[in-house]
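Trainee: Supplied in C-alpha coordinates, the structure appears directly below.
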Amino acid sequence: MREETKGSAGCLLAAGGAATALLAWAPLARINIDGGFAQWHRDLSVLYVDLPLIALGGALLPLAVWAAGLRWLHRPWLAAVAAVTVLALGVWGLTSWWMPYERPEFVY
(Lines give C-alpha, C1' and ligand atoms only; values in the text may rest on other atoms or scores of the structure.)
Protein backbone atom coordinates (compact mmCIF):
# COMPACT_ATOMS: atom_id res chain seq x y z
CA MET A 1 0.00 0.00 0.00
CA ARG A 2 1.39 3.40 -0.96
CA GLU A 3 1.97 6.13 1.63
CA GLU A 4 -0.59 8.45 0.05
CA THR A 5 -3.23 5.74 0.29
CA LYS A 6 -2.40 5.13 3.95
CA GLY A 7 -2.72 8.83 4.69
CA SER A 8 -6.02 9.08 2.84
CA ALA A 9 -7.36 6.06 4.69
CA GLY A 10 -6.35 7.63 8.02
CA CYS A 11 -8.16 10.87 7.13
CA LEU A 12 -11.22 8.91 6.06
CA LEU A 13 -11.19 6.99 9.34
CA ALA A 14 -10.90 10.25 11.31
CA ALA A 15 -13.78 11.89 9.44
CA GLY A 16 -15.94 8.80 9.73
CA GLY A 17 -15.15 8.49 13.42
CA ALA A 18 -16.08 12.10 14.13
CA ALA A 19 -19.33 11.77 12.18
CA THR A 20 -20.22 8.49 13.88
CA ALA A 21 -19.55 9.87 17.36
CA LEU A 22 -21.61 12.99 16.68
CA LEU A 23 -24.52 10.99 15.26
CA ALA A 24 -24.51 8.73 18.32
CA TRP A 25 -24.23 11.72 20.71
CA ALA A 26 -26.90 13.96 19.15
CA PRO A 27 -30.03 12.10 20.37
CA LEU A 28 -28.67 12.15 23.93
CA ALA A 29 -28.10 15.91 23.83
CA ARG A 30 -31.40 16.74 22.17
CA ILE A 31 -33.24 17.57 25.39
CA ASN A 32 -30.56 20.07 26.39
CA ILE A 33 -30.79 21.88 23.07
CA ASP A 34 -34.55 22.10 22.60
CA GLY A 35 -35.35 22.36 26.32
CA GLY A 36 -37.97 19.66 26.67
CA PHE A 37 -41.28 20.51 28.31
CA ALA A 38 -41.64 24.30 28.66
CA GLN A 39 -37.90 24.59 27.97
CA TRP A 40 -37.03 23.78 31.57
CA HIS A 41 -34.03 21.67 30.62
CA ARG A 42 -32.38 24.03 28.12
CA ASP A 43 -28.59 23.99 28.53
CA LEU A 44 -26.65 25.09 25.48
CA SER A 45 -23.28 24.32 27.05
CA VAL A 46 -23.51 20.92 25.34
CA LEU A 47 -22.92 22.76 22.05
CA TYR A 48 -19.73 24.57 23.02
CA VAL A 49 -18.27 22.11 25.55
CA ASP A 50 -19.42 18.60 24.74
CA LEU A 51 -19.82 18.82 20.95
CA PRO A 52 -16.16 19.68 20.22
CA LEU A 53 -14.90 17.08 22.69
CA ILE A 54 -17.08 14.34 21.22
CA ALA A 55 -16.03 15.23 17.67
CA LEU A 56 -12.35 15.38 18.64
CA GLY A 57 -12.48 12.08 20.48
CA GLY A 58 -14.34 10.43 17.62
CA ALA A 59 -11.71 11.63 15.16
CA LEU A 60 -8.59 10.97 17.22
CA LEU A 61 -9.43 7.53 18.64
CA PRO A 62 -9.60 5.59 15.34
CA LEU A 63 -6.78 7.68 13.87
CA ALA A 64 -4.45 6.81 16.77
CA VAL A 65 -5.31 3.11 16.55
CA TRP A 66 -4.84 3.20 12.76
CA ALA A 67 -1.38 4.74 13.11
CA ALA A 68 -0.37 2.33 15.89
CA GLY A 69 -1.73 -0.61 13.92
CA LEU A 70 0.27 0.34 10.83
CA ARG A 71 3.41 0.71 12.91
CA TRP A 72 3.13 -2.50 14.91
CA LEU A 73 1.07 -4.87 12.76
CA HIS A 74 2.41 -3.88 9.30
CA ARG A 75 -0.89 -4.89 7.70
CA PRO A 76 -3.24 -2.09 6.62
CA TRP A 77 -6.37 -4.24 6.63
CA LEU A 78 -5.68 -5.42 10.19
CA ALA A 79 -5.05 -1.84 11.31
CA ALA A 80 -8.36 -0.78 9.72
CA VAL A 81 -10.23 -3.57 11.49
CA ALA A 82 -8.65 -2.55 14.80
CA ALA A 83 -9.54 1.13 14.23
CA VAL A 84 -13.18 0.36 13.37
CA THR A 85 -13.45 -2.00 16.36
CA VAL A 86 -12.08 0.62 18.73
CA LEU A 87 -14.43 3.22 17.25
CA ALA A 88 -17.40 0.89 17.80
CA LEU A 89 -16.32 0.28 21.40
CA GLY A 90 -15.84 4.01 21.93
CA VAL A 91 -19.30 4.84 20.61
CA TRP A 92 -20.79 2.08 22.76
CA GLY A 93 -19.01 3.51 25.80
CA LEU A 94 -20.16 7.02 24.92
CA THR A 95 -23.81 6.07 24.61
CA SER A 96 -23.83 3.92 27.73
CA TRP A 97 -21.87 6.29 29.99
CA TRP A 98 -22.44 9.90 28.90
CA MET A 99 -25.69 11.55 29.88
CA PRO A 100 -26.20 15.31 29.79
CA TYR A 101 -27.25 17.06 32.98
CA GLU A 102 -30.98 17.51 33.45
CA ARG A 103 -32.47 19.69 36.14
CA PRO A 104 -35.10 18.00 38.26
CA GLU A 105 -38.70 18.60 37.21
CA PHE A 106 -39.86 19.57 40.67
CA VAL A 107 -37.80 21.44 43.23
CA TYR A 108 -38.99 20.83 46.78
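Numbering starts fresh at 1 for the residues of each chain in the C-alpha coordinates, the chains themselves are lettered A, B, ... in the order given, and ligands are numbered from 1 as they appear.
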Show which residues sit within 7 Å of stretch 48-59 of chain A, as a PyMOL selection string. Count only C-alpha atoms, and ignore same-chain residues fewer than 6 positions away.
Mentor: chain A and resi 14-15+17-18+21-22
Trainee: Out of A:Val86, A:Arg30, A:Ser45, A:Leu78, which residue has the shortest atom-to-atom distance to A:Ala64 when counting only C-alpha atoms?
Mentor: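 Of A:Val86, A:Arg30, A:Ser45, A:Leu78, the one nearest A:Ala64, counting only C-alpha atoms, is A:Val86.
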